[in-house]
file start_22.txt (compact mmCIF, C-alpha atoms)
# COMPACT_ATOMS: atom_id res chain seq x y z
CA MET A 1 -8.61 70.51 69.61
CA ASN A 2 -6.64 73.75 69.31
CA THR A 3 -7.16 75.25 65.84
CA THR A 4 -3.43 75.66 65.22
CA ILE A 5 -2.75 72.06 66.17
CA ARG A 6 -5.55 70.90 63.85
CA GLN A 7 -4.01 72.83 60.96
CA MET A 8 -0.56 71.42 61.68
CA LEU A 9 -1.92 67.89 61.97
CA GLU A 10 -3.69 68.21 58.60
CA GLN A 11 -0.29 68.40 56.92
CA TYR A 12 0.37 64.78 57.90
CA GLU A 13 -1.10 61.71 56.21
CA CYS A 14 -1.94 59.74 59.33
CA ARG A 15 -3.42 56.29 58.87
CA SER A 16 -2.28 54.41 61.95
CA GLU A 17 -1.68 54.93 65.64
CA ASN A 18 2.05 55.14 64.95
CA ASP A 19 1.49 57.84 62.32
CA TYR A 20 -0.48 59.94 64.78
CA VAL A 21 2.07 59.47 67.55
CA ASN A 22 4.92 60.51 65.26
CA ALA A 23 2.95 63.52 64.03
CA ILE A 24 2.14 64.68 67.55
CA ARG A 25 5.77 64.22 68.60
CA GLU A 26 6.96 66.41 65.74
CA ILE A 27 4.34 69.06 66.47
CA MET A 28 5.38 69.07 70.13
CA GLN A 29 9.00 69.51 69.06
CA GLU A 30 8.02 72.61 67.10
CA LEU A 31 6.08 73.95 70.07
CA ALA A 32 9.10 73.35 72.29
CA LEU A 33 11.33 75.35 69.90
CA GLN A 34 8.83 78.19 70.02
CA GLY A 35 8.85 78.11 73.82
CA LEU A 36 12.64 78.21 73.86
CA TRP A 37 12.58 81.17 71.47
CA ARG A 38 10.21 83.07 73.77
CA SER A 39 12.56 82.46 76.69
CA LYS A 40 15.65 83.81 74.82
CA PHE A 41 17.28 80.36 74.78
CA PHE A 42 18.75 80.95 71.33
CA GLU A 43 20.77 83.88 72.59
CA ARG A 44 22.94 81.25 74.30
CA ALA A 45 22.48 78.13 72.19
CA ALA A 46 22.12 76.79 68.65
CA PHE A 47 19.98 74.00 67.20
CA TYR A 48 21.63 71.10 65.38
CA GLY A 49 21.19 67.39 64.58
CA GLY A 50 18.63 65.44 62.59
CA THR A 51 15.59 67.28 63.93
CA ALA A 52 17.14 70.60 62.91
CA LEU A 53 17.63 69.18 59.44
CA ARG A 54 13.99 68.07 59.30
CA ILE A 55 12.41 71.27 60.61
CA LEU A 56 14.69 73.80 58.93
CA TYR A 57 15.65 72.05 55.69
CA GLY A 58 12.98 69.43 54.96
CA LEU A 59 14.78 66.16 55.74
CA ASN A 60 12.26 63.43 54.98
CA ARG A 61 12.56 61.32 58.09
CA GLY A 62 11.10 61.41 61.56
CA SER A 63 13.21 62.31 64.56
CA GLU A 64 12.92 61.81 68.30
CA ASP A 65 15.34 64.24 69.94
CA LEU A 66 16.01 67.95 70.09
CA ASP A 67 19.77 68.56 70.04
CA PHE A 68 21.43 71.84 70.92
CA SER A 69 24.87 73.29 71.53
CA LEU A 70 25.85 76.22 73.67
CA LEU A 71 27.55 79.00 71.76
CA LEU A 72 30.25 79.16 74.45
CA PRO A 73 31.21 76.57 77.07
CA CYS A 74 29.39 76.84 80.39
CA PRO A 75 29.74 73.79 82.69
CA GLU A 76 26.99 75.09 85.01
CA PHE A 77 24.32 75.37 82.29
CA ARG A 78 21.19 73.30 82.85
CA LEU A 79 18.13 72.81 80.64
CA ALA A 80 15.97 72.81 83.77
CA VAL A 81 16.10 76.63 83.72
CA TYR A 82 13.73 76.47 80.74
CA ALA A 83 11.34 73.87 82.18
CA ASP A 84 8.56 76.34 83.00
CA ALA A 85 8.81 78.05 79.60
CA LEU A 86 8.53 74.70 77.80
CA LYS A 87 5.56 73.50 79.86
CA LYS A 88 3.78 76.84 79.49
CA GLU A 89 4.15 76.82 75.71
CA LEU A 90 2.84 73.29 75.27
CA ASN A 91 0.04 73.85 77.77
CA ALA A 92 -1.10 76.89 75.77
CA PHE A 93 -1.78 74.56 72.82
CA GLY A 94 -3.58 71.95 74.89
CA PHE A 95 -0.72 69.56 75.71
CA THR A 96 -0.06 68.68 79.34
CA VAL A 97 3.59 67.70 79.72
CA GLU A 98 6.06 66.93 82.46
CA PHE A 99 9.68 68.13 82.36
CA ALA A 100 12.18 65.67 83.79
CA ALA A 101 15.88 66.43 84.01
CA LYS A 102 18.10 63.41 83.40
CA GLU A 103 20.46 62.60 86.24
CA LYS A 104 24.05 62.20 85.10
CA SER A 105 25.61 58.84 85.95
CA ARG A 106 29.08 60.04 84.90
CA GLU A 107 30.93 63.16 83.90
CA SER A 108 29.61 64.34 80.57
CA ASN A 109 29.57 67.40 78.35
CA ILE A 110 25.88 66.75 77.65
CA ASP A 111 22.99 67.97 79.78
CA SER A 112 19.78 66.03 79.07
CA ALA A 113 16.10 66.25 79.91
CA PHE A 114 12.79 64.82 78.76
CA LEU A 115 9.39 66.23 77.92
CA LYS A 116 6.87 63.53 78.80
CA ALA A 117 3.16 63.21 78.15
CA ASN A 118 0.58 60.45 78.36
CA THR A 119 0.16 59.06 74.84
CA LYS A 120 -3.48 58.07 75.25
CA THR A 121 -4.41 61.48 76.66
CA LEU A 122 -2.64 63.23 73.80
CA LEU A 123 -4.45 61.24 71.13
CA ILE A 124 -7.81 61.75 72.82
CA SER A 125 -7.09 65.50 72.95
CA ILE A 126 -6.73 65.65 69.16
CA GLY A 127 -10.03 63.87 68.68
CA LEU A 128 -9.00 60.36 67.69
CA PRO A 129 -11.85 57.84 67.89
CA ASP A 130 -12.05 55.09 70.48
CA SER A 131 -11.04 52.54 67.83
CA PHE A 132 -7.53 54.05 68.04
CA THR A 133 -7.26 55.09 71.66
CA ASN A 134 -8.73 51.95 73.24
CA LYS A 135 -5.75 49.95 72.00
CA ILE A 136 -3.23 52.14 73.83
CA HIS A 137 -2.07 51.27 77.33
CA SER A 138 -3.16 53.93 79.80
CA ARG A 139 0.41 54.40 81.09
CA LYS A 140 2.18 54.62 77.74
CA GLU A 141 4.30 57.77 77.49
CA LEU A 142 5.40 59.90 74.58
CA LYS A 143 8.87 61.28 75.27
CA ILE A 144 10.95 63.95 73.61
CA LYS A 145 14.57 64.01 74.67
CA LEU A 146 16.40 67.33 74.82
CA GLU A 147 20.19 67.36 74.86
CA ILE A 148 22.64 70.25 74.91
CA ASP A 149 26.41 70.23 74.61
CA ILE A 150 27.63 72.45 77.46
CA ASP A 151 31.30 72.22 76.38
CA PRO A 152 31.00 72.48 72.59
CA PRO A 153 33.95 72.12 70.25
CA SER A 154 34.90 75.46 68.71
CA GLY A 155 35.08 76.50 65.09
CA PHE A 156 31.40 76.38 64.11
CA GLN A 157 29.23 79.06 62.54
CA THR A 158 25.54 79.71 63.21
CA GLU A 159 22.74 81.52 61.45
CA VAL A 160 19.28 82.69 62.48
CA LYS A 161 16.49 80.86 60.66
CA THR A 162 12.84 81.89 60.53
CA VAL A 163 10.26 79.22 61.37
CA LEU A 164 6.65 79.96 60.38
CA ARG A 165 4.70 77.59 62.59
CA PRO A 166 2.99 77.52 65.01
CA ILE A 167 3.61 81.29 64.78
CA PRO A 168 6.54 83.02 63.06
CA HIS A 169 9.64 82.92 65.25
CA THR A 170 13.38 82.50 64.89
CA VAL A 171 15.80 79.72 65.75
CA ARG A 172 19.57 79.97 65.85
CA ALA A 173 21.11 76.92 64.18
CA TYR A 174 24.41 75.59 62.93
CA THR A 175 25.10 76.42 59.29
CA LEU A 176 24.78 73.51 56.86
CA PRO A 177 28.57 72.93 56.51
CA ASP A 178 28.81 72.66 60.29
CA LEU A 179 25.70 70.50 60.52
CA LEU A 180 27.39 68.17 58.03
CA ALA A 181 30.57 68.22 60.11
CA GLY A 182 28.55 67.11 63.12
CA LYS A 183 26.84 64.38 61.12
CA LEU A 184 30.11 63.00 59.73
CA HIS A 185 31.52 63.00 63.24
CA ALA A 186 28.51 60.91 64.28
CA VAL A 187 28.96 58.52 61.35
CA LEU A 188 32.63 58.03 62.14
CA CYS A 189 32.75 58.24 65.90
CA ARG A 190 29.38 57.61 67.51
CA LYS A 191 28.25 54.19 68.59
CA TRP A 192 24.73 53.52 69.81
CA ARG A 193 24.17 50.38 71.84
CA ASN A 194 27.26 48.93 70.19
CA ARG A 195 25.96 49.52 66.68
CA THR A 196 26.00 52.37 64.21
CA LYS A 197 22.89 54.49 63.75
CA GLY A 198 21.20 54.04 60.39
CA ARG A 199 19.72 57.48 60.89
CA ASP A 200 23.20 59.00 60.68
CA TRP A 201 23.86 57.29 57.35
CA TYR A 202 20.43 58.30 56.03
CA ASP A 203 21.19 61.93 56.88
CA MET A 204 24.62 61.70 55.24
CA ILE A 205 22.91 60.63 52.01
CA TRP A 206 20.63 63.68 52.28
CA TYR A 207 23.64 65.96 52.62
CA ALA A 208 25.28 64.31 49.61
CA GLY A 209 22.28 65.26 47.49
CA HIS A 210 21.54 68.69 48.94
CA HIS A 211 24.62 70.29 50.45
CA PRO A 212 27.86 68.34 50.04
CA TYR A 213 30.07 70.99 51.67
CA VAL A 214 31.67 70.21 55.02
CA ASP A 215 33.41 72.52 57.47
CA LEU A 216 36.56 70.41 57.70
CA ASN A 217 38.11 72.56 60.43
CA HIS A 218 35.12 72.10 62.73
CA LEU A 219 35.02 68.37 62.02
CA GLU A 220 38.71 68.09 62.94
CA ILE A 221 38.12 69.96 66.20
CA ARG A 222 35.21 67.64 67.02
CA MET A 223 37.25 64.53 66.28
CA ARG A 224 40.17 65.75 68.37
CA GLN A 225 37.89 66.59 71.28
CA SER A 226 36.37 63.09 71.21
CA GLY A 227 39.80 61.48 70.86
CA ASP A 228 39.07 60.05 67.41
CA TYR A 229 41.75 62.03 65.55
CA THR A 230 45.19 62.40 67.10
CA ASP A 231 47.43 62.88 64.08
CA GLU A 232 49.69 65.94 64.29
CA LYS A 233 48.81 66.83 60.70
CA PRO A 234 45.57 68.71 59.92
CA LEU A 235 42.62 66.63 58.77
CA THR A 236 42.34 66.64 54.97
CA ILE A 237 39.54 65.71 52.58
CA LYS A 238 41.62 62.76 51.41
CA CYS A 239 42.00 61.54 54.99
CA LEU A 240 38.27 62.01 55.65
CA HIS A 241 37.48 60.11 52.47
CA GLU A 242 39.62 57.20 53.69
CA PHE A 243 38.00 57.25 57.15
CA LEU A 244 34.52 57.06 55.64
CA LEU A 245 35.39 54.24 53.25
CA SER A 246 36.92 52.37 56.18
CA ALA A 247 33.71 52.92 58.18
CA VAL A 248 31.71 51.32 55.37
CA GLU A 249 33.69 48.11 55.85
CA ASN A 250 32.47 47.87 59.45
CA ILE A 251 28.75 48.44 58.93
CA ASP A 252 25.93 45.95 58.61
CA PRO A 253 23.52 47.47 56.04
CA GLU A 254 20.62 45.38 57.34
CA MET A 255 21.11 46.74 60.86
CA LEU A 256 21.28 50.27 59.47
CA LYS A 257 17.97 49.71 57.66
CA ALA A 258 16.34 48.34 60.82
CA ASP A 259 17.35 51.44 62.78
CA VAL A 260 16.02 53.99 60.29
CA ARG A 261 12.96 52.10 59.00
CA PRO A 262 10.52 53.33 61.72
CA PHE A 263 11.34 56.94 60.85
CA ILE A 264 10.62 57.00 57.10
CA ARG A 265 7.43 56.50 55.14
CA ASP A 266 8.82 55.28 51.81
CA GLN A 267 10.60 52.04 52.61
CA GLN A 268 11.85 51.72 49.03
CA GLU A 269 14.42 54.38 49.87
CA LEU A 270 16.34 51.61 51.60
CA ASP A 271 16.37 49.15 48.71
CA LEU A 272 19.72 50.44 47.44
CA TRP A 273 21.44 50.25 50.79
CA ASN A 274 24.50 48.04 50.61
CA LYS A 275 28.22 48.65 51.00
CA ASP A 276 28.75 49.43 47.32
CA PHE A 277 25.99 52.04 47.44
CA PHE A 278 27.61 53.82 50.40
CA ARG A 279 31.03 53.70 48.75
CA GLN A 280 29.54 55.34 45.65
CA ILE A 281 27.85 58.06 47.72
CA ILE A 282 31.12 58.86 49.50
CA ARG A 283 33.17 58.96 46.29
CA GLU A 284 30.66 61.25 44.56
CA PHE A 285 30.11 63.86 47.23
CA LEU A 286 33.54 63.66 48.85
CA PRO A 287 36.20 63.05 46.18
CA GLU A 288 39.70 62.28 47.38
CA GLY A 289 41.02 65.52 45.94

call {"tool": "encode", "arguments": {"input": "start_22.txt", "output": "structure tokens"}}
result
Amino acid sequence: MNTTIRQMLEQYECRSENDYVNAIREIMQELALQGLWRSKFFERAAFYGGTALRILYGLNRGSEDLDFSLLLPCPEFRLAVYADALKKELNAFGFTVEFAAKEKSRESNIDSAFLKANTKTLLISIGLPDSFTNKIHSRKELKIKLEIDIDPPSGFQTEVKTVLRPIPHTVRAYTLPDLLAGKLHAVLCRKWRNRTKGRDWYDMIWYAGHHPYVDLNHLEIRMRQSGDYTDEKPLTIKCLHEFLLSAVENIDPEMLKADVRPFIRDQQELDLWNKDFFRQIIREFLPEG
């Protein structure tokens, strides 16, 4: 096993196959960011979403995707341009991966791709014993989805953050107020397989405790672009407060828990989750004004 990968893996408390798979996925995400940095990707794009929150700010939940936004709209932009750089970076650390661009079935502002690797091969490469690897189907794949908004809503700010592993490098990312704007847009406007993502609500709670400051202008621009805010008047904190409390009425806390449960280690974090809890969170970090 590569020495750097061993050192990174030692920071995880892996006890099960799922723990190891999640750890390797997160390590591969960090390697992918480093490969994108080497290829000057962050001169054109910024990192955002739950994985950005985990890697840059210590969010305590696992994440599957790498989400990015172009700094300026470019309908012709494609992630495939960076396929070789991504594969080269991961190969240098002992991971053999395939890059697969996702074919668009409809017009979309999002360009998507996957990094794929054989799960069993990955776990063997890090030295797991046969007692783990023999249980894994030989064709099982570990996938990391990459998505980039090629027609981003305007009004956001970015900053350059230093990441220390695997080697020191930099990543351009949305500022925290704009990350929160994106997360609140997801809470209010995004549906996933006809149900709300518990991961979005988990992240909102993190923001409430760590950085309860939202870029309201950027949120309004996002909501107008997606067709979820059409009022002629500017979006206000009071209006946002009402939207969020209304969203609480439409959630199923048990479904939210089921969505986020595979991504957190301490399941007791979810014990408080009910509608009254979410109402309290919203009122405390986003007063009506």

call {"tool": "closest_residue", "arguments": {"input": "start_22.txt", "among": "A:Lys161, A:Asp151, A:Leu180, A:Gly209", "to": "Gln225 of chain A", "atoms": "all atoms listed in the file"}}
result
A:Asp151

call {"tool": "closest_residue", "arguments": {"input": "start_22.txt", "among": "A:Arg265, A:Lys275, A:Lys238, A:Lys88", "to": "Asp252 of chain A", "atoms": "all atoms listed in the file"}}
result
A:Lys275

call {"tool": "residues_around", "arguments": {"input": "start_22.txt", "residues": "segment 245-251 of chain A", "least_positions_apart": "2", "cutoff": "7 Å", "atoms": "all atoms listed in the file", "output": "list in words"}}
result
Leu188, His241, Glu242, Phe243, Pro253, Lys275, Phe278 and Arg279 of chain A

call {"tool": "closest_residue", "arguments": {"input": "start_22.txt", "among": "A:Ile55, A:Val21, A:Ala113, A:Leu71", "to": "Phe41 of chain A", "atoms": "all atoms listed in the file"}}
result
A:Leu71

call {"tool": "residues_around", "arguments": {"input": "start_22.txt", "residues": "Asp271 of chain A", "least_positions_apart": "2", "cutoff": "12 Å", "atoms": "all atoms listed in the file", "output": "PyMOL selection string"}}
result
chain A and resi 253-254+256-257+261+266-269+273-274+277

call {"tool": "atom_distance", "arguments": {"input": "start_22.txt", "atom1": "atom CA of Ile150 of chain A", "atom2": "atom CA of Asn109 of chain A"}}
result
5.5 Å

call {"tool": "atom_distance", "arguments": {"input": "start_22.txt", "atom1": "atom CA of Phe47 of chain A", "atom2": "atom CA of Gln34 of chain A"}}
result
12.2 Å

call {"tool": "residues_around", "arguments": {"input": "start_22.txt", "residues": "Ile148 of chain A", "least_positions_apart": "2", "cutoff": "8 Å", "atoms": "all atoms listed in the file", "output": "list in words"}}
result
Asp67, Phe68, Ser69, Leu70, Leu79, Ile110, Asp111, Ser112, Leu146 and Ile150 of chain A

call {"tool": "closest_residue", "arguments": {"input": "start_22.txt", "among": "A:Ala117, A:Leu123, A:Leu244, A:Leu184", "to": "Pro287 of chain A", "atoms": "only C-alpha atoms"}}
result
A:Leu244
